[in-house]
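*Asks:* Sharing coords-v1.csv below, CSV, C-alpha atoms:
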```csv
chain,number,residue,atom,x,y,z
A,1,MET,CA,0.0,0.0,0.0
A,2,SER,CA,1.3,3.5,-0.8
A,3,SER,CA,2.3,6.0,1.9
A,4,ALA,CA,-0.1,8.5,0.4
A,5,LEU,CA,-3.0,6.1,0.9
A,6,LEU,CA,-1.9,5.2,4.4
A,7,ALA,CA,-1.7,8.9,5.3
A,8,SER,CA,-5.2,9.5,3.8
A,9,LEU,CA,-6.6,6.7,5.8
A,10,SER,CA,-4.8,7.8,9.0
A,11,ALA,CA,-6.0,11.4,8.6
A,12,ARG,CA,-9.6,10.3,7.9
A,13,ASP,CA,-9.8,7.8,10.8
A,14,SER,CA,-8.0,10.1,13.2
A,15,GLY,CA,-10.6,12.8,12.7
A,16,ALA,CA,-13.3,10.2,13.4
A,17,VAL,CA,-11.9,9.2,16.8
A,18,ALA,CA,-10.6,12.6,18.0
A,19,GLY,CA,-12.0,13.8,21.3
A,20,PRO,CA,-11.7,13.6,25.1
A,21,MET,CA,-13.2,10.1,25.2
A,22,HIS,CA,-10.3,8.6,23.2
A,23,GLY,CA,-6.8,8.4,24.6
A,24,ASN,CA,-3.5,7.0,23.6
A,25,GLY,CA,-4.8,3.4,23.7
A,26,MET,CA,-7.3,4.1,20.9
A,27,ALA,CA,-4.5,5.8,18.8
A,28,THR,CA,-2.3,2.8,19.3
A,29,LYS,CA,-5.0,0.4,18.2
A,30,LEU,CA,-5.7,2.5,15.2
A,31,ALA,CA,-2.1,2.5,14.1
A,32,ALA,CA,-1.9,-1.3,14.6
A,33,LEU,CA,-5.0,-1.7,12.5
A,34,LEU,CA,-3.7,0.4,9.7
A,35,PHE,CA,-0.3,-1.4,9.7
A,36,ALA,CA,-2.1,-4.8,9.5
A,37,PHE,CA,-4.3,-3.5,6.7
A,38,ALA,CA,-1.3,-2.3,4.8
A,39,LEU,CA,0.4,-5.7,5.0
A,40,ALA,CA,-2.7,-7.5,3.8
A,41,ALA,CA,-3.4,-5.1,1.0
A,42,CYS,CA,0.2,-5.2,-0.4
A,43,SER,CA,0.6,-9.0,-0.4
A,44,VAL,CA,-0.8,-11.5,-2.8
A,45,PRO,CA,-3.4,-13.9,-1.3
A,46,GLY,CA,-2.6,-17.6,-1.4
A,47,PRO,CA,-0.9,-20.3,0.6
A,48,VAL,CA,2.9,-20.3,0.6
A,49,LEU,CA,4.2,-23.3,-1.3
A,50,LYS,CA,7.3,-25.0,0.0
A,51,PRO,CA,9.6,-26.8,-2.5
A,52,GLU,CA,11.1,-30.2,-1.9
A,53,ALA,CA,14.7,-30.6,-0.7
A,54,GLU,CA,17.4,-29.6,-3.2
A,55,SER,CA,19.1,-32.4,-5.1
A,56,PRO,CA,21.1,-32.6,-8.4
A,57,PHE,CA,19.3,-33.2,-11.6
A,58,ILE,CA,19.6,-32.9,-15.4
A,59,LEU,CA,18.4,-29.5,-16.5
A,60,PRO,CA,17.0,-29.4,-20.1
A,61,GLY,CA,19.5,-27.7,-22.4
A,62,VAL,CA,22.1,-27.5,-19.6
A,63,GLY,CA,22.7,-30.9,-18.2
A,64,THR,CA,24.2,-31.2,-14.7
A,65,GLY,CA,26.8,-28.4,-15.0
A,66,VAL,CA,26.6,-24.7,-15.0
A,67,GLY,CA,24.6,-23.1,-17.8
A,68,ILE,CA,21.5,-21.3,-19.1
A,69,SER,CA,18.8,-22.5,-21.5
A,70,THR,CA,15.9,-20.4,-22.9
A,71,PHE,CA,12.5,-21.3,-24.2
A,72,SER,CA,9.8,-19.3,-26.0
A,73,PHE,CA,6.1,-19.2,-25.1
A,74,GLN,CA,3.1,-16.9,-25.2
A,75,ALA,CA,0.9,-15.8,-22.4
A,76,GLY,CA,-2.2,-13.6,-21.7
A,77,ASN,CA,-1.5,-10.1,-20.3
A,78,GLY,CA,-4.4,-8.9,-18.2
A,79,GLY,CA,-4.6,-5.1,-18.2
A,80,TRP,CA,-2.1,-4.8,-21.0
A,81,ARG,CA,-2.9,-3.6,-24.5
A,82,ASP,CA,-1.9,-6.6,-26.5
A,83,LEU,CA,-0.4,-10.1,-26.4
A,84,ARG,CA,3.3,-10.2,-26.9
A,85,LEU,CA,5.9,-12.8,-26.3
A,86,GLY,CA,7.2,-14.9,-23.4
A,87,GLU,CA,10.5,-16.3,-22.5
A,88,LEU,CA,11.4,-19.0,-19.9
A,89,VAL,CA,15.0,-19.0,-18.7
A,90,LEU,CA,16.4,-22.0,-16.8
A,91,MET,CA,19.8,-21.6,-15.2
A,92,ARG,CA,22.3,-23.2,-12.9
A,93,LYS,CA,25.0,-20.6,-12.0
A,94,SER,CA,27.3,-22.2,-9.4
A,95,PRO,CA,29.4,-25.4,-9.8
A,96,LEU,CA,29.4,-25.7,-6.1
A,97,ARG,CA,25.6,-25.9,-5.6
A,98,HIS,CA,22.8,-27.9,-7.0
A,99,ARG,CA,20.5,-24.8,-7.0
A,100,VAL,CA,18.6,-24.2,-10.2
A,101,THR,CA,16.5,-21.1,-10.8
A,102,PHE,CA,14.1,-19.8,-13.4
A,103,SER,CA,12.9,-16.5,-14.8
A,104,LEU,CA,9.6,-16.5,-16.6
A,105,ARG,CA,9.3,-13.2,-18.6
A,106,ILE,CA,6.5,-11.6,-20.5
A,107,VAL,CA,7.0,-8.5,-22.7
A,108,ALA,CA,4.0,-6.4,-23.8
A,109,ARG,CA,2.8,-2.8,-24.2
A,110,ASN,CA,0.4,-1.2,-21.7
A,111,ARG,CA,-2.7,0.7,-22.6
A,112,VAL,CA,-0.7,3.9,-23.4
A,113,GLY,CA,1.9,2.2,-25.5
A,114,SER,CA,4.9,1.9,-23.1
A,115,LEU,CA,6.9,-1.3,-23.0
A,116,ARG,CA,6.4,-3.5,-19.9
A,117,LEU,CA,8.4,-6.6,-18.7
A,118,LYS,CA,6.7,-8.8,-16.2
A,119,GLN,CA,9.0,-11.2,-14.5
A,120,TYR,CA,8.4,-14.3,-12.3
A,121,GLU,CA,11.5,-15.6,-10.5
A,122,GLY,CA,12.0,-18.6,-8.4
A,123,ILE,CA,13.6,-22.1,-8.0
A,124,VAL,CA,13.2,-25.3,-9.9
A,125,ARG,CA,12.8,-28.9,-8.8
A,126,ARG,CA,12.6,-32.0,-11.0
A,127,THR,CA,10.9,-35.3,-10.4
A,128,GLY,CA,11.2,-37.8,-13.3
A,129,ASP,CA,10.2,-35.9,-16.4
A,130,VAL,CA,8.4,-33.1,-14.5
A,131,LEU,CA,9.8,-29.7,-13.7
A,132,ARG,CA,8.2,-27.8,-10.8
A,133,LEU,CA,8.8,-24.0,-10.9
A,134,TYR,CA,8.2,-22.5,-7.5
A,135,THR,CA,7.8,-18.7,-7.8
A,136,GLU,CA,9.4,-16.5,-5.1
A,137,ARG,CA,9.3,-12.9,-6.5
A,138,CYS,CA,7.3,-11.1,-9.1
A,139,ARG,CA,8.6,-7.8,-10.7
A,140,ILE,CA,7.5,-5.4,-13.3
A,141,TYR,CA,10.0,-3.2,-15.3
A,142,GLY,CA,9.1,-0.6,-17.9
A,143,LYS,CA,10.3,1.9,-20.5
A,144,LYS,CA,8.8,4.0,-23.1
A,145,ASP,CA,10.8,3.1,-26.2
A,146,PHE,CA,13.1,0.4,-27.3
A,147,ILE,CA,16.2,2.5,-26.9
A,148,ASP,CA,15.4,3.5,-23.3
A,149,ARG,CA,16.8,1.7,-20.3
A,150,MET,CA,14.5,-0.5,-18.3
A,151,VAL,CA,13.5,0.8,-14.8
A,152,PRO,CA,11.9,-1.2,-12.0
A,153,LEU,CA,8.3,-0.2,-11.4
A,154,ASP,CA,6.8,-2.7,-9.0
A,155,GLY,CA,7.7,-5.9,-7.1
A,156,TRP,CA,6.0,-8.2,-4.7
A,157,THR,CA,6.3,-11.7,-3.1
A,158,CYS,CA,4.3,-14.3,-5.0
A,159,ASP,CA,5.3,-17.6,-3.3
A,160,HIS,CA,1.8,-19.0,-3.9
A,161,LEU,CA,2.5,-19.7,-7.6
A,162,LEU,CA,3.7,-23.0,-9.0
A,163,PHE,CA,4.2,-23.9,-12.7
A,164,GLN,CA,4.4,-27.6,-13.6
A,165,LEU,CA,6.0,-28.6,-16.9
A,166,ARG,CA,6.6,-32.0,-18.5
A,167,ILE,CA,9.8,-32.5,-20.5
A,168,SER,CA,9.1,-34.0,-23.9
A,169,ALA,CA,11.4,-36.3,-25.9
A,170,ASP,CA,11.9,-33.5,-28.6
A,171,GLY,CA,13.2,-31.1,-26.0
A,172,THR,CA,10.1,-29.0,-25.7
A,173,LEU,CA,8.4,-28.4,-22.4
A,174,GLU,CA,4.6,-28.8,-22.0
A,175,LYS,CA,2.3,-27.5,-19.3
A,176,ILE,CA,0.7,-30.3,-17.3
A,177,PRO,CA,-3.0,-29.8,-17.9
A,178,GLU,CA,-4.3,-31.2,-14.6
A,179,ILE,CA,-5.1,-28.4,-12.2
A,180,THR,CA,-4.4,-29.1,-8.5
A,181,ALA,CA,-4.9,-27.0,-5.4
A,182,GLU,CA,-1.2,-26.0,-5.7
A,183,THR,CA,-1.4,-24.9,-9.3
A,184,GLU,CA,-4.9,-23.3,-9.6
A,185,ASP,CA,-3.5,-19.8,-8.9
A,186,SER,CA,-1.1,-20.1,-11.8
A,187,ASP,CA,-3.5,-21.5,-14.4
A,188,TRP,CA,-3.3,-18.3,-16.5
A,189,LEU,CA,-0.4,-19.8,-18.4
A,190,TYR,CA,-2.6,-21.0,-21.2
A,191,LEU,CA,-0.1,-21.9,-23.9
A,192,HIS,CA,1.0,-25.5,-23.3
A,193,ARG,CA,4.2,-25.6,-25.4
A,194,PHE,CA,7.6,-24.1,-24.6
A,195,LYS,CA,10.0,-24.3,-27.6
A,196,PRO,CA,13.8,-24.4,-27.1
A,197,LEU,CA,15.6,-21.2,-28.1
A,198,ALA,CA,19.2,-21.3,-27.0
A,199,SER,CA,21.7,-22.7,-24.5
A,200,HIS,CA,25.0,-21.6,-23.0
A,201,PRO,CA,27.7,-22.9,-22.8
A,202,VAL,CA,28.0,-23.7,-26.5
A,203,VAL,CA,26.3,-26.9,-27.6
A,204,ALA,CA,27.3,-28.1,-31.1
A,205,GLY,CA,24.7,-27.1,-33.7
A,206,LYS,CA,22.7,-25.0,-31.3
A,207,LEU,CA,22.3,-21.3,-30.8
A,208,VAL,CA,24.2,-19.8,-27.9
A,209,TRP,CA,21.8,-16.8,-27.9
A,210,ALA,CA,18.4,-16.4,-29.4
A,211,GLY,CA,15.8,-13.6,-29.4
A,212,GLN,CA,12.2,-13.4,-30.5
A,213,ARG,CA,11.0,-10.6,-32.8
A,214,LEU,CA,8.8,-8.0,-31.1
A,215,ALA,CA,7.6,-6.2,-34.1
A,216,ALA,CA,4.9,-8.6,-35.3
A,217,PRO,CA,2.7,-8.1,-38.4
A,218,ASP,CA,0.0,-6.6,-36.1
A,219,VAL,CA,2.6,-4.3,-34.4
A,220,ALA,CA,1.2,-1.3,-32.7
A,221,HIS,CA,1.5,2.0,-34.6
A,222,GLY,CA,4.7,3.8,-33.6
A,223,ASP,CA,6.9,0.7,-32.8
A,224,LEU,CA,9.0,1.5,-35.9
A,225,PRO,CA,10.7,3.6,-37.2
A,226,VAL,CA,13.1,4.2,-34.2
A,227,GLU,CA,16.2,6.3,-34.1
A,228,THR,CA,19.1,4.8,-32.2
A,229,PRO,CA,21.8,7.1,-30.8
A,230,GLN,CA,25.5,6.4,-31.0
A,231,ALA,CA,26.8,3.9,-28.5
A,232,LYS,CA,30.3,3.3,-27.1
A,233,TYR,CA,31.5,-0.2,-26.3
A,234,GLY,CA,35.0,-0.4,-25.0
A,235,ASP,CA,37.2,1.7,-27.4
A,236,GLU,CA,34.7,1.6,-30.3
A,237,THR,CA,32.0,4.1,-30.9
A,238,HIS,CA,29.1,3.1,-33.1
A,239,PRO,CA,27.2,5.9,-34.9
A,240,GLY,CA,23.7,4.5,-34.5
A,241,GLY,CA,21.0,4.9,-37.2
A,242,ILE,CA,17.3,4.7,-38.0
A,243,LEU,CA,15.3,1.4,-38.2
A,244,THR,CA,12.2,1.5,-40.3
A,245,SER,CA,9.5,-1.1,-40.8
A,246,ASP,CA,11.0,-2.0,-44.1
A,247,ASP,CA,14.6,-2.8,-43.0
A,248,GLY,CA,14.6,-3.2,-39.2
A,249,ALA,CA,13.3,-5.3,-36.4
A,250,VAL,CA,13.7,-5.6,-32.6
A,251,TYR,CA,14.5,-8.9,-30.9
A,252,PHE,CA,14.2,-9.8,-27.2
A,253,GLY,CA,16.3,-12.4,-25.5
A,254,TYR,CA,18.0,-13.1,-22.2
A,255,ASP,CA,21.5,-11.8,-21.7
A,256,ALA,CA,21.8,-10.2,-25.1
A,257,GLY,CA,24.5,-7.8,-24.0
A,258,ARG,CA,26.7,-10.7,-23.1
A,259,HIS,CA,26.7,-12.1,-26.6
A,260,LEU,CA,26.1,-9.2,-29.0
A,261,ARG,CA,27.5,-5.8,-29.7
A,262,PRO,CA,26.7,-3.1,-32.4
A,263,GLY,CA,28.3,-4.2,-35.7
A,264,ASP,CA,28.0,-7.9,-35.1
A,265,THR,CA,26.4,-10.2,-37.6
A,266,ILE,CA,23.3,-12.1,-36.5
A,267,THR,CA,21.4,-14.9,-38.2
A,268,LEU,CA,17.6,-14.5,-38.9
A,269,PHE,CA,15.5,-17.6,-39.0
A,270,ALA,CA,12.4,-17.3,-41.2
A,271,ASP,CA,9.2,-19.4,-40.9
A,272,ASP,CA,10.5,-21.8,-43.5
A,273,ARG,CA,13.7,-22.1,-41.5
A,274,SER,CA,15.8,-20.4,-44.2
A,275,THR,CA,18.3,-18.0,-42.8
A,276,THR,CA,19.7,-14.6,-43.7
A,277,GLN,CA,22.3,-12.4,-42.2
A,278,ALA,CA,21.7,-9.1,-40.6
A,279,ARG,CA,23.6,-6.4,-38.7
A,280,VAL,CA,23.2,-5.5,-35.0
A,281,LEU,CA,22.6,-1.8,-34.8
A,282,HIS,CA,22.2,-1.4,-31.0
A,283,VAL,CA,21.8,-3.5,-27.8
A,284,VAL,CA,19.8,-2.1,-24.9
A,285,ASP,CA,19.2,-4.4,-21.9
A,286,ASP,CA,17.9,-7.5,-23.6
A,287,PHE,CA,16.5,-5.7,-26.7
A,288,VAL,CA,18.5,-6.0,-29.9
A,289,LEU,CA,17.9,-3.6,-32.7
A,290,VAL,CA,18.7,-5.2,-36.1
A,291,GLN,CA,19.2,-3.7,-39.6
A,292,ASN,CA,18.5,-5.5,-42.9
A,293,ALA,CA,15.8,-7.6,-41.3
A,294,ALA,CA,13.3,-7.3,-44.2
A,295,LYS,CA,12.2,-11.0,-44.0
A,296,LYS,CA,10.6,-10.3,-40.6
A,297,ALA,CA,12.0,-13.5,-39.2
A,298,PRO,CA,10.4,-14.5,-35.9
A,299,VAL,CA,13.7,-15.6,-34.3
A,300,ALA,CA,17.3,-14.3,-34.5
A,301,GLY,CA,20.3,-15.9,-33.0
A,302,THR,CA,24.0,-16.6,-33.0
A,303,MET,CA,26.2,-19.6,-32.5
A,304,THR,CA,29.3,-17.5,-31.7
A,305,THR,CA,30.4,-16.7,-28.2
A,306,ARG,CA,31.8,-13.2,-28.0
A,307,VAL,CA,35.4,-13.2,-26.6
A,308,PRO,CA,35.7,-10.6,-23.8
A,309,ILE,CA,38.1,-7.8,-24.5
A,310,GLY,CA,38.8,-6.9,-20.9
A,311,LEU,CA,38.0,-7.9,-17.4
A,312,PHE,CA,34.7,-6.0,-17.3
A,313,ASP,CA,33.7,-6.4,-21.0
```
Show this structure as structure tokens.
*Replies:*
Amino acid sequence: MSSALLASLSARDSGAVAGPMHGNGMATKLAALLFAFALAACSVPGPVLKPEAESPFILPGVGTGVGISTFSFQAGNGGWRDLRLGELVLMRKSPLRHRVTFSLRIVARNRVGSLRLKQYEGIVRRTGDVLRLYTERCRIYGKKDFIDRMVPLDGWTCDHLLFQLRISADGTLEKIPEITAETEDSDWLYLHRFKPLASHPVVAGKLVWAGQRLAAPDVAHGDLPVETPQAKYGDETHPGGILTSDDGAVYFGYDAGRHLRPGDTITLFADDRSTTQARVLHVVDDFVLVQNAAKKAPVAGTMTTRVPIGLFD
């Protein structure tokens, strides 16, 4: 609950109880009531779900070692202007721990046209061919245009959400259709299929980074053209340019800045799986602005791992 609302409630209620018949005891009770109300109003209802004990397991696209794998999906966006894309990120970051985490991310535009990123974060457990994704935190980030930086807008605890996915033989993940008392609060994830995108470290024949195209055929007016400013990466300065709907596209994928820089060549994968090459114009957060993308390919990616130039590159 916002401080302004608390202050408004406090002022309103204080006026109602002011008078000689009410002492410090009543004021204390009122303050306690307001605090309790604030906690209840700012939390998400639902039972806290406790995951099973941590144990090692094979993570799709990663194995038993350290790595990251990404999958594409779609999801409904209540209160947002349109349906966009979704990305599921599975990761194991430490060779010393069995801990596996996930980030389930949805990109869309709100009703006034600004970009929004809704992110569900938590831990993963596996039993047989079933992955159980226990959510711990939910966050919303936003920005106006593609070239802006993302800023945090909201965050809350959402440890009542659980996503259950079955691992298929072809490497895809599928939502388990049976709804239980644990999963009923997370039943909004209506698309059942999660398609593999990329994995890191490098796996022979697979993309090390992949992004999904945001500018779809039914793109909202004003997405493109977009003017990108010059950008400096290390000792190199890139002049920027203008992307139009005829020659440009924007792709979204986890950890884009780790793998791509302006001037890099990226592969575009069309619906018929034919490929063309395009040039990266700018990378902002996980948004990649690409020139020469006239085929409007739904996926772009690279099999090349960028070699760091320096310690902090």
*Asks:* Which value, in Å to one decimal, gives the distance between CA of Phe252 in chain A and CA of Leu85 in chain A?
*Replies:*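 CA of Phe252 in chain A sits 8.9 Å away from CA of Leu85 in chain A.
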*Asks:* Of the candidates A:Gly253, A:Gly211, A:Pro229, A:Gly171, which one gets nearest to Lys195 in chain A if we count all atoms listed in the file?
*Replies:* A:Gly171
*Asks:* Could you give me, as a Markdown table, every range 118-197 of chain A residue with an atom at most 10 Å from range 92-105 of chain A, plus its closest atom pair and distance in Å to one decimal, counting only C-alpha atoms, rows ordered by chain then number?
*Replies:*
```
| residue | atom | partner | partner_atom | distance |
| --- | --- | --- | --- | --- |
| A:Lys118 | CA | A:Arg105 | CA | 5.6 |
| A:Gln119 | CA | A:Arg105 | CA | 4.6 |
| A:Tyr120 | CA | A:Leu104 | CA | 5.0 |
| A:Glu121 | CA | A:Ser103 | CA | 4.6 |
| A:Gly122 | CA | A:Phe102 | CA | 5.6 |
| A:Ile123 | CA | A:Thr101 | CA | 4.2 |
| A:Val124 | CA | A:Thr101 | CA | 5.4 |
| A:Arg125 | CA | A:Val100 | CA | 7.6 |
| A:Arg126 | CA | A:Val100 | CA | 9.9 |
| A:Leu133 | CA | A:Phe102 | CA | 7.2 |
| A:Tyr134 | CA | A:Phe102 | CA | 8.8 |
| A:Thr135 | CA | A:Phe102 | CA | 8.5 |
| A:Arg137 | CA | A:Ser103 | CA | 9.7 |
| A:Cys138 | CA | A:Leu104 | CA | 9.5 |
| A:Arg139 | CA | A:Arg105 | CA | 9.6 |
| A:Ile140 | CA | A:Arg105 | CA | 9.6 |
| A:Phe163 | CA | A:Leu104 | CA | 10.0 |
```
*Asks:* What separation in Å, quoted to one decimal, exists between CA of Ala270 in chain A and CA of Val288 in chain A?
*Replies:*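 Computing the Euclidean distance for CA of Ala270 in chain A and CA of Val288 in chain A yields 17.1 Å.
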*Asks:* Anything within 12 Å of (20.8, -19.5, -20.5): list those residues as a PyMOL selection string, counting only C-alpha atoms and sticking to the file's coordinates.
*Replies:* chain A and resi 59-63+66-71+87-93+100-103+196-203+207-211+253-256+258-259
*Asks:* CA of Leu289 in chain A and CA of Gln230 in chain A, how far apart in Å?
*Replies:*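 Atom-to-atom, CA of Gln230 in chain A to CA of Leu289 in chain A, that is 12.7 Å.
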*Asks:* Just want the 9 Å neighbourhood of Val48 in chain A, counted on all atoms listed in the file, with same-chain residues fewer than 4 positions away dropped. Output as an NGL selection string.
*Replies:* :A and (158-161)
*Asks:* Atoms to include: C-alpha atoms. Write the selected residues as a PDB file, in the coordinates of the input.
*Replies:*
```
ATOM      1  CA  CYS A 158       4.300 -14.300  -5.000  1.00  0.00           C
ATOM      2  CA  ASP A 159       5.300 -17.600  -3.300  1.00  0.00           C
ATOM      3  CA  HIS A 160       1.800 -19.000  -3.900  1.00  0.00           C
ATOM      4  CA  LEU A 161       2.500 -19.700  -7.600  1.00  0.00           C
TER       5      LEU A 161
END
```
